[in-house]
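K.L.:
Sharing a structure here in structure tokens format.
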Amino acid sequence: MNVRRGDLLRYATGSVGMGVWVTVPGLLLLYFLTHTLGVAPALAGLTLLLPKIIDVVVHPYLGSRSDRDARRTGNRIGMLRAGLLLAVAMAGMFSVPDGLTGAAAALWVGGWFIAGNLLFACFQVPYLTTPSDLRVGYHERTRVFMFRMLFLTLGLLGAGVAAPALVAAGGRGDYARMAVLLSVVMVVSGLVAITGVRRLTAHAGFRAPAESHSTRADVAAAWRDRDFRALVLSYLFTGTTTHLFLAALPFYTEYVFDDTKLTAVFMGAFLGPAVIAGPVWARVSRRIGKQRGLLISQAVFVAGSLAPLSGYGLAPAVVVVVALGIAFAGLQLFAFSMVPDAVAAAAVQDTTRAGAYTGVWTATEATGTAIGPYLYSAVLALGGFVATTEGHTVTQSSSAHTALLLGFTVVPAVLMAVALFFQLRWTLDRPGASPAAADLPSSAAG
């Protein structure tokens with residue numbers, strides 16, 4: 001069965017708002033804390049890390065809760081509606097009262113970040129479970145995620161370019177206005193997505209999840225799945241790498257090229273080509289499979305991460321960032337579209353719990369989004385990087401400059417190499433385990 005294009009467009013629109021939340025805190029929050037609020041790098045890193053620890057527990061719980069709701073009501077709409085309140089947390093997180101600096105400012109930001117992560121999970125878990133609920137085949141699942149990744153990239157691109165431009169002056173008011181403006185975008189995209197979810201499940205069919213007894217049992221069932229476990233471990237390091245890149249980019253543009261406005265330029269170079277690369281990667285998938293495409297994307301990211309060590313100028317830097325953006329599109333499309341493949345393979349044995357799988361997956365993603373910036377902040381702290389407040393500048397030591405460069409190059413290259421190692425353990429795309437093997441018995445080829 002082929003999913004209708006109009007339904008896909010409505011569903012995929014929700015990824016625009018998700019892209020805003022993924023991009024803005026990941027790109028600006030560490031810089032906001034250390035350069036506007038006067039929070040030391042070590043404390044700033046903890047401010048970003050600790051709220052995500054809660055996600056490790058919350059996401060699997062919400063996955064199981066979503067499955068229970070789906071069995072009872074035949075849909076996952078209720079949690080999606082609750083997730084619309086994420087816009088409030090987005091605005092609150094960047095609207096820090098005057099006079100709050102250092103630890104007090106970190107506490108304010110961290111509290112709103114916790115609230116935002118919980119609300120984001122309420123939307124993200126049922127939203128990303130939807131492709132696993134549909135009665136469609138291997139390639140059609142890739143098509144669903146191709147549309148989703150296209151709109152996610154548009155959200156990432158729009159936020160990645162607009163947000164740095166809106167806060168270029170570096171003032172607290174600039175950050176607050178930016179957050180309010182982008183929060184409106186998040187609400188609108190979420191409302192459209194809810195209509196898309198309704199239409200998709202009505203037309204393509206809804207596969208109710210299996211019965212379960214507890215969140216712990218659901219997580220254990222997902223973790224026993226060897227292929228899913230390999231995919232999760234690989235994506236943990238992939239997500240850590242890409243979010244480290246986002247957190248490090250403002251530091252790279254300021255201290256290597258001495259121009260903070262280049263952050264928006266580099267984000268455009270990173271995400272602009274990804275809009276085109278997503279459909280191209282989808283066609284590549286039909287020729288060589290998702291596993292090979294994902295391994296190629298990971299290898300390109302390893303090589304691209306190391307390239308800045310050569311000390312090239314601005315033009316070569318933009319070219320490398322474009323290559324990284326193309327690889328990023330593949331990393332996202334292939335990894336996410338392989339989750340419903342694992343769910344469908346488990347369905348053959350009638351053990352699938354789509355919400356539980358998605359809960360574990362999004363918990364992994366949330367962990368990566370936290371560990372990446374935290375690792376970079378730790379590297380900065382080890383290098384002796386000094387924080388500052390709005391309107392003040394400091395001269396960083398040579399060790400701090402070395403640390404911020406190594407954190408932007410060697411560290412992500414090593415992390416992505418580990419991701420590639422785990423990804424090699426995926427078996428569903430190997431000869432003898434054809435893509436059709438991961439299809440639902442009752443589904444048609446995509």
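So you can find residues: chains in the structure tokens are A, B, ... in the order shown, residues in each start at 1, and ligands are numbered from 1 in order.
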If you run DSSP on the backbone, which residues of region 74-277 of chain A are helix (DSSP H, G or I), as a PyMOL selection string?

P.N.:
chain A and resi 77-83+86-94+102-133+138-166+172-204+215-224+226-255+262-277

K.L.:
Set the distance at 9 Å and use only C-alpha atoms: which residues neighbour Leu9 (chain A) once local chain neighbours fewer than 6 positions away are removed? I'd like the list as an NGL selection string.

P.N.:
:A and (147-148 or 151 or 193 or 196)

K.L.:
List as a tab-separated table every residue of region 193-277 of chain A that is in contact with region 15-39 of chain A, defined as an atom at most 7 Å from one of its atoms (using only C-alpha atoms), together with the nearest atom pair and the distance in Å rounded to one decimal, sorted by chain and then rising number.

P.N.:
residue	atom	partner	partner_atom	distance
A:His243	CA	A:Gly26	CA	6.3
A:Leu246	CA	A:Leu27	CA	4.9
A:Ala247	CA	A:Leu27	CA	4.8

K.L.:
Write a file of the selected residues as a compact mmCIF listing (two decimals), in the first residue's frame, keeping N, CA, C and O atoms.

P.N.:
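selection36.txt, freshly written:
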# COMPACT_ATOMS: atom_id res chain seq x y z
N HIS A 243 25.07 16.46 17.80
CA HIS A 243 24.72 17.53 18.72
C HIS A 243 25.95 18.20 19.33
O HIS A 243 25.89 19.37 19.72
N LEU A 246 26.65 20.80 16.70
CA LEU A 246 25.80 21.98 16.81
C LEU A 246 26.26 22.89 17.95
O LEU A 246 26.32 24.10 17.80
N ALA A 247 26.56 22.29 19.11
CA ALA A 247 26.97 23.08 20.26
C ALA A 247 28.31 23.77 20.03
O ALA A 247 28.55 24.88 20.52

K.L.:
For a test of reading the model, state the distance in Å between CA of Ala89 (chain A) and CA of Leu119 (chain A), rounded to one decimal.

P.N.:
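Separation of CA of Ala89 (chain A) and CA of Leu119 (chain A): 8.3 Å.
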
K.L.:
May I have a table of the residues of region 313-355 of chain A lying at most 12 Å from region 268-280 of chain A, giving each one's closest pair of atoms and their distance in Å to one decimal, counting only C-alpha atoms, ordered by chain and ascending residue number, as a Markdown table?

P.N.:
| residue | atom | partner | partner_atom | distance |
| --- | --- | --- | --- | --- |
| A:Leu314 | CA | A:Ala269 | CA | 11.9 |
| A:Ala315 | CA | A:Ala269 | CA | 11.1 |
| A:Pro316 | CA | A:Ala269 | CA | 11.7 |
| A:Ala317 | CA | A:Ala269 | CA | 9.8 |
| A:Val318 | CA | A:Ala269 | CA | 6.4 |
| A:Val319 | CA | A:Ala269 | CA | 8.0 |
| A:Val320 | CA | A:Phe270 | CA | 8.8 |
| A:Val321 | CA | A:Phe270 | CA | 5.3 |
| A:Val322 | CA | A:Phe270 | CA | 5.0 |
| A:Ala323 | CA | A:Phe270 | CA | 7.7 |
| A:Leu324 | CA | A:Phe270 | CA | 6.5 |
| A:Gly325 | CA | A:Phe270 | CA | 4.2 |
| A:Ile326 | CA | A:Ala274 | CA | 5.1 |
| A:Ala327 | CA | A:Ala274 | CA | 8.0 |
| A:Phe328 | CA | A:Ala274 | CA | 7.2 |
| A:Ala329 | CA | A:Ala274 | CA | 5.2 |
| A:Gly330 | CA | A:Gly278 | CA | 6.7 |
| A:Leu331 | CA | A:Gly278 | CA | 9.9 |
| A:Gln332 | CA | A:Gly278 | CA | 8.9 |
| A:Leu333 | CA | A:Gly278 | CA | 7.0 |
| A:Phe334 | CA | A:Gly278 | CA | 9.7 |

K.L.:
For the selection you just gave me, I'd like the residues written to a file as a JSON list (two decimals), in the first residue's frame, keeping N, CA, C and O atoms.

P.N.:
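Result file is part_12.json:
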[["chain", "number", "residue", "atom", "x", "y", "z"],
["A", 314, "LEU", "N", 38.05, 29.94, 4.71],
["A", 314, "LEU", "CA", 36.60, 29.95, 4.81],
["A", 314, "LEU", "C", 35.93, 29.12, 3.71],
["A", 314, "LEU", "O", 35.01, 28.34, 3.99],
["A", 315, "ALA", "N", 36.37, 29.30, 2.46],
["A", 315, "ALA", "CA", 35.71, 28.60, 1.35],
["A", 315, "ALA", "C", 35.80, 27.08, 1.49],
["A", 315, "ALA", "O", 34.78, 26.39, 1.37],
["A", 316, "PRO", "N", 37.00, 26.51, 1.76],
["A", 316, "PRO", "CA", 37.05, 25.06, 1.98],
["A", 316, "PRO", "C", 36.22, 24.62, 3.19],
["A", 316, "PRO", "O", 35.64, 23.53, 3.19],
["A", 317, "ALA", "N", 36.15, 25.47, 4.21],
["A", 317, "ALA", "CA", 35.35, 25.13, 5.39],
["A", 317, "ALA", "C", 33.88, 24.98, 5.03],
["A", 317, "ALA", "O", 33.20, 24.06, 5.50],
["A", 318, "VAL", "N", 33.37, 25.87, 4.18],
["A", 318, "VAL", "CA", 31.98, 25.78, 3.76],
["A", 318, "VAL", "C", 31.74, 24.50, 2.97],
["A", 318, "VAL", "O", 30.72, 23.82, 3.15],
["A", 319, "VAL", "N", 32.70, 24.13, 2.11],
["A", 319, "VAL", "CA", 32.56, 22.90, 1.32],
["A", 319, "VAL", "C", 32.49, 21.69, 2.23],
["A", 319, "VAL", "O", 31.66, 20.78, 2.03],
["A", 320, "VAL", "N", 33.34, 21.65, 3.24],
["A", 320, "VAL", "CA", 33.33, 20.52, 4.18],
["A", 320, "VAL", "C", 32.02, 20.47, 4.95],
["A", 320, "VAL", "O", 31.44, 19.40, 5.15],
["A", 321, "VAL", "N", 31.53, 21.62, 5.37],
["A", 321, "VAL", "CA", 30.26, 21.66, 6.09],
["A", 321, "VAL", "C", 29.12, 21.18, 5.20],
["A", 321, "VAL", "O", 28.20, 20.48, 5.67],
["A", 322, "VAL", "N", 29.15, 21.50, 3.92],
["A", 322, "VAL", "CA", 28.14, 20.99, 2.99],
["A", 322, "VAL", "C", 28.19, 19.47, 2.94],
["A", 322, "VAL", "O", 27.15, 18.79, 2.98],
["A", 323, "ALA", "N", 29.40, 18.90, 2.86],
["A", 323, "ALA", "CA", 29.54, 17.44, 2.84],
["A", 323, "ALA", "C", 29.00, 16.82, 4.12],
["A", 323, "ALA", "O", 28.34, 15.77, 4.09],
["A", 324, "LEU", "N", 29.29, 17.47, 5.25],
["A", 324, "LEU", "CA", 28.77, 16.97, 6.52],
["A", 324, "LEU", "C", 27.24, 17.03, 6.54],
["A", 324, "LEU", "O", 26.58, 16.14, 7.09],
["A", 325, "GLY", "N", 26.68, 18.08, 5.96],
["A", 325, "GLY", "CA", 25.23, 18.20, 5.91],
["A", 325, "GLY", "C", 24.58, 17.10, 5.07],
["A", 325, "GLY", "O", 23.54, 16.56, 5.44],
["A", 326, "ILE", "N", 25.21, 16.77, 3.95],
["A", 326, "ILE", "CA", 24.70, 15.68, 3.11],
["A", 326, "ILE", "C", 24.75, 14.36, 3.88],
["A", 326, "ILE", "O", 23.82, 13.56, 3.86],
["A", 327, "ALA", "N", 25.87, 14.14, 4.59],
["A", 327, "ALA", "CA", 25.98, 12.94, 5.41],
["A", 327, "ALA", "C", 24.95, 12.93, 6.53],
["A", 327, "ALA", "O", 24.35, 11.90, 6.85],
["A", 328, "PHE", "N", 24.70, 14.10, 7.12],
["A", 328, "PHE", "CA", 23.72, 14.21, 8.20],
["A", 328, "PHE", "C", 22.34, 13.78, 7.73],
["A", 328, "PHE", "O", 21.60, 13.10, 8.45],
["A", 329, "ALA", "N", 21.96, 14.17, 6.52],
["A", 329, "ALA", "CA", 20.66, 13.76, 5.97],
["A", 329, "ALA", "C", 20.55, 12.25, 5.90],
["A", 329, "ALA", "O", 19.51, 11.67, 6.22],
["A", 330, "GLY", "N", 21.64, 11.60, 5.49],
["A", 330, "GLY", "CA", 21.63, 10.14, 5.44],
["A", 330, "GLY", "C", 21.58, 9.51, 6.82],
["A", 330, "GLY", "O", 20.87, 8.53, 7.06],
["A", 331, "LEU", "N", 22.32, 10.08, 7.76],
["A", 331, "LEU", "CA", 22.31, 9.57, 9.13],
["A", 331, "LEU", "C", 20.90, 9.55, 9.70],
["A", 331, "LEU", "O", 20.49, 8.57, 10.35],
["A", 332, "GLN", "N", 20.16, 10.63, 9.47],
["A", 332, "GLN", "CA", 18.82, 10.73, 10.03],
["A", 332, "GLN", "C", 17.83, 9.83, 9.28],
["A", 332, "GLN", "O", 17.07, 9.08, 9.92],
["A", 333, "LEU", "N", 17.82, 9.91, 7.97],
["A", 333, "LEU", "CA", 16.84, 9.15, 7.20],
["A", 333, "LEU", "C", 16.98, 7.65, 7.42],
["A", 333, "LEU", "O", 16.00, 6.96, 7.72],
["A", 334, "PHE", "N", 18.19, 7.13, 7.26],
["A", 334, "PHE", "CA", 18.38, 5.69, 7.35],
["A", 334, "PHE", "C", 18.14, 5.16, 8.76],
["A", 334, "PHE", "O", 17.44, 4.17, 8.95]]

K.L.:
Considering only C-alpha atoms, state which residue in the set A:Thr73, A:Ser64, A:Thr367, A:Ser398 is at the smallest distance from Leu49 (chain A).

P.N.:
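Ranking A:Thr73, A:Ser64, A:Thr367, A:Ser398 by distance to Leu49 (chain A), first place goes to A:Thr367.
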
K.L.:
Near region 173-176 of chain A, counting only C-alpha atoms, which residues have an atom at most 9 Å away, once you skip same-chain residues fewer than 6 positions from it, shown as a ChimeraX atom specification?

P.N.:
/A:32,91-96,163,166-167

K.L.:
When you look at Pro340 (chain A) with a cut-off of 9 Å (counting only C-alpha atoms), what residues show up, excluding the ones that are within fewer than 2 positions of it in the same chain? I need them as a list in words.

P.N.:
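Close residues of Pro340 (chain A): Thr129, Pro131, Ser132, Asp133, Tyr138, Arg141, Phe336, Ser337, Met338, Ala342, Val343, Ala344, Ala345, Ala354, Tyr357, Thr358 and Ala438 of chain A.
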
K.L.:
Keeping C-alpha atoms for every residue in the selection just given, could you write it to a file as a short mmCIF file (atom, residue, chain, number, x, y, z; two decimals), in the first residue's frame?

P.N.:
data_model
loop_
_atom_site.label_atom_id
_atom_site.label_comp_id
_atom_site.auth_asym_id
_atom_site.auth_seq_id
_atom_site.Cartn_x
_atom_site.Cartn_y
_atom_site.Cartn_z
CA THR A 129 5.70 5.75 16.47
CA PRO A 131 5.23 4.97 10.86
CA SER A 132 5.54 1.76 12.88
CA ASP A 133 1.76 1.69 13.36
CA TYR A 138 9.98 -1.77 3.75
CA ARG A 141 8.44 3.16 5.48
CA PHE A 336 14.99 6.50 11.78
CA SER A 337 13.49 4.45 8.94
CA MET A 338 15.22 1.32 10.26
CA ALA A 342 12.97 -3.68 13.51
CA VAL A 343 9.40 -3.31 14.81
CA ALA A 344 8.02 -5.09 11.74
CA ALA A 345 10.54 -7.91 12.08
CA ALA A 354 5.91 -0.02 18.66
CA TYR A 357 10.59 0.64 20.80
CA THR A 358 10.09 4.31 20.01
CA ALA A 438 11.18 -7.04 7.74
#

K.L.:
Mind checking which residues fall within 7 Å of region 77-88 of chain A, counting only C-alpha atoms, ignoring those fewer than 2 positions away in the same chain, and posting them as a VMD selection string?

P.N.:
chain A and resid 75 90 to 92 116 119 to 120 122 to 123 126 183 186 to 187 190 194

K.L.:
Give me the residues near region 417-429 of chain A as a PyMOL selection string, where near means some atom within 9 Å (using only C-alpha atoms) and where sequence neighbours in that chain fewer than 6 positions away do not count.

P.N.:
chain A and resi 226-238+289-292+294-295+298-299+301-302+341-342+345+435+437-438

K.L.:
Residues of region 244-274 of chain A that approach region 406-410 of chain A to 12 Å or less, counting only C-alpha atoms: could you list each one with the shortest pair of atoms and its distance in Å to one decimal, rows by chain and increasing residue number, as a Markdown table?

P.N.:
| residue | atom | partner | partner_atom | distance |
| --- | --- | --- | --- | --- |
| A:Leu244 | CA | A:Phe408 | CA | 7.6 |
| A:Phe245 | CA | A:Phe408 | CA | 6.5 |
| A:Leu246 | CA | A:Phe408 | CA | 9.5 |
| A:Ala247 | CA | A:Phe408 | CA | 9.2 |
| A:Ala248 | CA | A:Phe408 | CA | 6.1 |
| A:Leu249 | CA | A:Phe408 | CA | 7.7 |
| A:Pro250 | CA | A:Phe408 | CA | 10.6 |
| A:Phe251 | CA | A:Phe408 | CA | 9.1 |
| A:Tyr252 | CA | A:Phe408 | CA | 7.5 |
| A:Thr253 | CA | A:Phe408 | CA | 11.0 |
| A:Tyr255 | CA | A:Phe408 | CA | 11.8 |
| A:Val256 | CA | A:Phe408 | CA | 11.0 |

K.L.:
Can you tell me how far CA of Ala42 (chain A) sits from CA of Glu365 (chain A), in Å to one decimal?

P.N.:
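One can read the CA of Ala42 (chain A) to CA of Glu365 (chain A) distance as 22.1 Å.
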
K.L.:
From the set A:Arg198, A:Arg65, A:Arg143, A:Arg76, which residue has the shortest atom-to-atom contact distance to Arg5 (chain A), counting only C-alpha atoms?

P.N.:
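Counting only C-alpha atoms, the residue closest to Arg5 (chain A) is A:Arg143.
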